[in-house]
Every structure is written in C-alpha cells, then in structure tokens.
Amino acid sequence: MTAEMTMDVVETVNREFWEDDLQLCLDPWLSLAKDRNYMRAWVAGLTKRQLQILSESLGLDGGGGLQKQREALVRCDGQLIPYFLVDRYAYRRSKFATADYASTVLPEKVMEICRSGEGGHDIVALLFAIYRKDSAHLRTLYQLERIHSTGFARMKLKETVRRPVGSFMEFLTKDVVKHILTEFDRDKNDGRTSEFKNIVPHAGHHLLFIRREEQRSVLLKSRHAIHGFRPEWIILNFRDNGKGVDISSLSMSVPLEIANRLASAYFGQKCEYENEVQVTYKAQIVKILNLLRTDECDFLRFVEVVVGNSPLDGAPVVRISNEESESIAESIRHFEKTVGKVMDDIDLIKSIKVLYCGKRVKIMFERVENVEEGYVVRYHDAVLNAKQRRMFETKLREEPYGLRILSTEKRHKQR
C-alpha cells in the first residue's frame, strides 16, 4: 500500500466512534500511523497471540513462523490502523472487565488463543478479537468497564406504587430516555446537556448510561486552551421494575432527579427515590467481629480497626492496622489483654477493614434511629469489581454472618 493510500485510510477513520464513543484522542496516533517505520516497529512488538488474532482478522496465512507473520502484516499497511488504534485504546483498560465481557461475545476457541498464563488473558489480543467481531462491542465494553471501577448508591422508592401493565424494561427505550433528558435539561437550564449513550442488559438488569457536562474546565489541545465542561458518566441500574435503582455518578442531585423523572413517567405519578436502609442487629455484628478477632472467618482476613474513645489515657482515637495485609487478630487480642477492650462497643468503632480477593475493603456500622440495637452496615464497594461485590454481599448475608450489607458510595443527598 502506498503512502497516498495510507493517507486515505487515515482520513476515513470514524472519528465519532474513536473520539466520542471511546474518548480516545486520535490526532497524535494517526500522525504516528502515517510513519511506516513506526508501524513496522509496532508490529515487531506484538505478541504471538496478538499476531495470530491480527493475521486471522486480516485474512492472512498464519503459518511460516512469527517473522513471516510480521512481514505479511507490515505489507497490509493502512489496514493495520484500526487495530493500532485498538492497541492505543487498550492502555489502562481493566483486565477483568475486558476478559469478562469477551467471554460473552467471543467463542471459547478464541478465548483460548488469547489465554496467557494461568487464568490470565492477553488483553490486547482479546480487544483485537472483539473489534473484529463487531466494533460496537468496544463501545459497550467501554461503558460496562465503568461498573467495575465505581461505587453505586442503592436506593428505593419512598412511595408504595402500583405497577403498570408493561415492564419497566419495555418502558425504558432510547426515545423515552432522550425525551426525558431533553425536558430535564430545559427545566434545569444550567447550560449543560445530558446525552443518552446506551442501555445495556447486564446480570438480569438494564443499565442506563448517560454522559453529562458536569464541571467547567480548561483543556489543552496542542498549545491552545479550549474552554468547556468535564464529562460525567451517570449509570442508573434499575431493579424490581423500577422500584429500586443503583446510582453511580460524580454529582449528587442531578442523577437522582433524572431517576425520579424516569420512575414518575413509568408509574404515572410523582415518584422519588431515597437511600435504601436495611437493618442489621447488634447481635449479628458482634458475632462477625468475634469471628474476625479470633481468625475464624473463613473468607475474610481482619487487617484494620479504627476506634474512637479508646481505653488509653485521654481516650484518643486508636488505629490498629497491618499495611502488609496480614491479620491483626493476634494484635487485637494482645491489646485487649494488656490495655483494654477496643471492639466491645460498636458505636465507638469508626471502621474496620477486611481483606477480600486481595483487596482491603472498608466497613462501617451506622446506628439506625428509632430501631433498638439496629445498624446499617456499609462498605466501600469501589475497590471491588462488580462480580466481587455480588459475591461479597451474598457471602456476608448468608449464615452464619447475616449482615445485610450495603454500599457506602455516594449515598445521594440534595446539595
């Protein structure tokens, strides 16, 4: 392919897809893609798995050894550009989210080709295969990746409502959402625009993705300042036919207002969501704390406790922690034997941390007003991916623990 033909391919790259849907800055990479020597070096750095998937994608003979495969790919020239962009897009992508989504859209044979080591995958090779299957899958993956790296506020309707004939998922269409977002922006009148991006079925629910201009910002393009807004992704995960919703966002009031409008339109009456409260009683919390300080919790390791009004003179806050993620159970027992009890009064425990799936998860106990010995148990869910959150919550809700644990992320309150 000649330099002129390469230029033609560069000029026909779908900017809306790469820059808007995937938020990849194109110009620096397209400039490099015009450099044949740079592209030759890029091909030289591809792994065996990436070469195999790329060769199959471009209809090349995968035989003859790696060097022949590389030479054949270099001759493809401009055809490599989309895959070069996929490789640039792959930087800092979630390995778990990519492999999890790939397993739903790629044949097992392709997953095996992309496997690298025990239980791992070559993420760039997977993304090559996903792009070859359908470029729209990259857009869906980009959106779904966000649910693995962000916390959700769990909310429920304040009112008791009668369910309409049709399901909430039948109601939640692109046209309906766009209409409600347009009305919301008009009424809000703050100069920002709420943009419908996608509705994605996931784990038996439907996730609504909205991108909205959130905070004024100054961006640099080359040496020129561009004034605009920083984008915010709002994710609404509706449950139980709209009677419950999980909200992920940076802002607090706007996503809740949008969720309220959608629910009101579906149920045909004014609806409002409020933070979900599930009561766990003192006896259950005491039980798991005792299991933690004796190292008898079969799937959690006790790695930190922060206590106010400690038994030390002056009643200072005490933090006992192991930064190497070793159990502090023995240290707790020693402290309580030599100084005094630190975990008997739940109201004095500011937080604890447990090790789960190799990650330190913070848990807090909040007293529920007007419920004797009742608490809400919350945890910072953003450190876990979506699958780990489900497993963590399910395990703690089961016997012998019985903790009705909720996320502590972004409990929405009107500013």
# chains A, B, ... in the order shown; residues from 1 in each chain; ligands from 1

$ residues_around --residues "His205 (chain A)" --least-positions-apart "3" --cutoff "8 Å" --atoms "only C-alpha atoms" --output "list of chain:residue names"
A:Pro201, A:His202, A:Asn237, A:Phe238, A:Arg239

$ write_last_selection --atoms "N, CA and C atoms" --output "mmCIF file, in the first residue's frame"
data_model
loop_
_atom_site.group_PDB
_atom_site.id
_atom_site.type_symbol
_atom_site.label_atom_id
_atom_site.label_comp_id
_atom_site.auth_asym_id
_atom_site.auth_seq_id
_atom_site.Cartn_x
_atom_site.Cartn_y
_atom_site.Cartn_z
ATOM 1 N N PRO A 201 -28.175 -4.590 28.749
ATOM 2 C CA PRO A 201 -28.604 -5.659 29.661
ATOM 3 C C PRO A 201 -27.379 -6.220 30.391
ATOM 4 N N HIS A 202 -27.509 -6.410 31.700
ATOM 5 C CA HIS A 202 -26.373 -6.924 32.474
ATOM 6 C C HIS A 202 -26.875 -7.558 33.766
ATOM 7 N N ASN A 237 -28.884 1.761 37.361
ATOM 8 C CA ASN A 237 -29.199 0.334 37.288
ATOM 9 C C ASN A 237 -30.550 0.117 37.976
ATOM 10 N N PHE A 238 -31.611 0.012 37.182
ATOM 11 C CA PHE A 238 -32.953 -0.119 37.738
ATOM 12 C C PHE A 238 -33.241 -1.574 38.111
ATOM 13 N N ARG A 239 -33.839 -1.744 39.297
ATOM 14 C CA ARG A 239 -34.167 -3.069 39.819
ATOM 15 C C ARG A 239 -35.667 -3.161 40.113
#

$ select_by_dssp --residues "region 12-224 of chain A" --states "alpha helix (DSSP H)" --output "PyMOL selection string"
chain A and resi 15+27-33+36-44+48-57+65-76+81-89+95-105+108-113+123-133+136-144+168-171+174-188

$ closest_residue --among "A:Asn385, A:Ser248, A:Ser135, A:Asn37" --to "Asp77 (chain A)" --atoms "only C-alpha atoms"
A:Asn37

$ residues_around --residues "region 176-191 of chain A" --least-positions-apart "6" --cutoff "12 Å" --atoms "only C-alpha atoms" --output "ChimeraX atom specification"
/A:168-170,197-199,208-216,228-229,236,253-266

$ write_last_selection --atoms "C-alpha atoms" --output "PDB file, in the first residue's frame"
ATOM      1  CA  PHE A 168     -40.016  -1.199  33.276  1.00  0.00           C
ATOM      2  CA  MET A 169     -37.571  -2.618  30.734  1.00  0.00           C
ATOM      3  CA  GLU A 170     -40.213  -2.330  27.987  1.00  0.00           C
ATOM      4  CA  LYS A 197     -25.391   6.852  25.415  1.00  0.00           C
ATOM      5  CA  ASN A 198     -26.711   3.316  25.809  1.00  0.00           C
ATOM      6  CA  ILE A 199     -28.980   0.801  27.529  1.00  0.00           C
ATOM      7  CA  LEU A 208     -28.717   3.128  31.524  1.00  0.00           C
ATOM      8  CA  PHE A 209     -25.611   5.139  30.566  1.00  0.00           C
ATOM      9  CA  ILE A 210     -25.864   8.931  30.380  1.00  0.00           C
ATOM     10  CA  ARG A 211     -22.998  11.333  29.713  1.00  0.00           C
ATOM     11  CA  ARG A 212     -23.441  14.849  31.018  1.00  0.00           C
ATOM     12  CA  GLU A 213     -21.382  18.013  31.132  1.00  0.00           C
ATOM     13  CA  GLU A 214     -20.528  18.287  34.804  1.00  0.00           C
ATOM     14  CA  GLN A 215     -17.793  20.749  35.773  1.00  0.00           C
ATOM     15  CA  ARG A 216     -16.368  23.709  33.864  1.00  0.00           C
ATOM     16  CA  GLY A 228     -15.673  23.546  28.139  1.00  0.00           C
ATOM     17  CA  PHE A 229     -17.001  21.001  30.604  1.00  0.00           C
ATOM     18  CA  LEU A 236     -28.558   4.001  36.528  1.00  0.00           C
ATOM     19  CA  SER A 253     -28.557  15.690  42.894  1.00  0.00           C
ATOM     20  CA  VAL A 254     -28.740  15.504  39.072  1.00  0.00           C
ATOM     21  CA  PRO A 255     -28.643  11.698  38.655  1.00  0.00           C
ATOM     22  CA  LEU A 256     -31.269  11.321  41.377  1.00  0.00           C
ATOM     23  CA  GLU A 257     -33.526  13.891  39.682  1.00  0.00           C
ATOM     24  CA  ILE A 258     -33.210  12.019  36.361  1.00  0.00           C
ATOM     25  CA  ALA A 259     -34.008   8.678  38.043  1.00  0.00           C
ATOM     26  CA  ASN A 260     -37.038  10.260  39.747  1.00  0.00           C
ATOM     27  CA  ARG A 261     -38.338  11.572  36.410  1.00  0.00           C
ATOM     28  CA  LEU A 262     -37.967   8.188  34.729  1.00  0.00           C
ATOM     29  CA  ALA A 263     -39.785   6.434  37.571  1.00  0.00           C
ATOM     30  CA  SER A 264     -42.540   9.082  37.588  1.00  0.00           C
ATOM     31  CA  ALA A 265     -43.081   8.654  33.844  1.00  0.00           C
ATOM     32  CA  TYR A 266     -43.294   4.859  34.187  1.00  0.00           C
TER      33      TYR A 266
END

$ closest_atom_pairs --of "region 307-390 of chain A" --to "region 277-301 of chain A" --cutoff "6 Å" --atoms "only C-alpha atoms" --output "tab-separated table"
residue	atom	partner	partner_atom	distance
A:Ser327	CA	A:Arg301	CA	5.7
A:Ala329	CA	A:Arg293	CA	4.4
A:Val354	CA	A:Arg301	CA	5.3
A:Leu355	CA	A:Arg301	CA	4.9
A:Tyr356	CA	A:Leu300	CA	5.7
A:Glu373	CA	A:Lys282	CA	5.3
A:Gly374	CA	A:Tyr281	CA	4.6
A:Tyr375	CA	A:Thr280	CA	5.2
A:Val376	CA	A:Val279	CA	5.3

$ residues_around --residues "Lys133 (chain A)" --least-positions-apart "2" --cutoff "12 Å" --atoms "only C-alpha atoms" --output "list in words"
Ile53, Glu56, Ser57, Ala102, Thr104, Val105, Leu106, Pro107, Val110, Leu126, Leu127, Phe128, Ala129, Ile130, Tyr131, Ser135, Ala136, His137 and Leu138 of chain A

$ closest_residue --among "A:Glu118, A:Glu324, A:Glu304, A:Glu336" --to "Ile349 (chain A)" --atoms "only C-alpha atoms"
A:Glu304

$ atom_distance --atom1 "CA of Ile320 (chain A)" --atom2 "CA of Val305 (chain A)"
5.5 Å
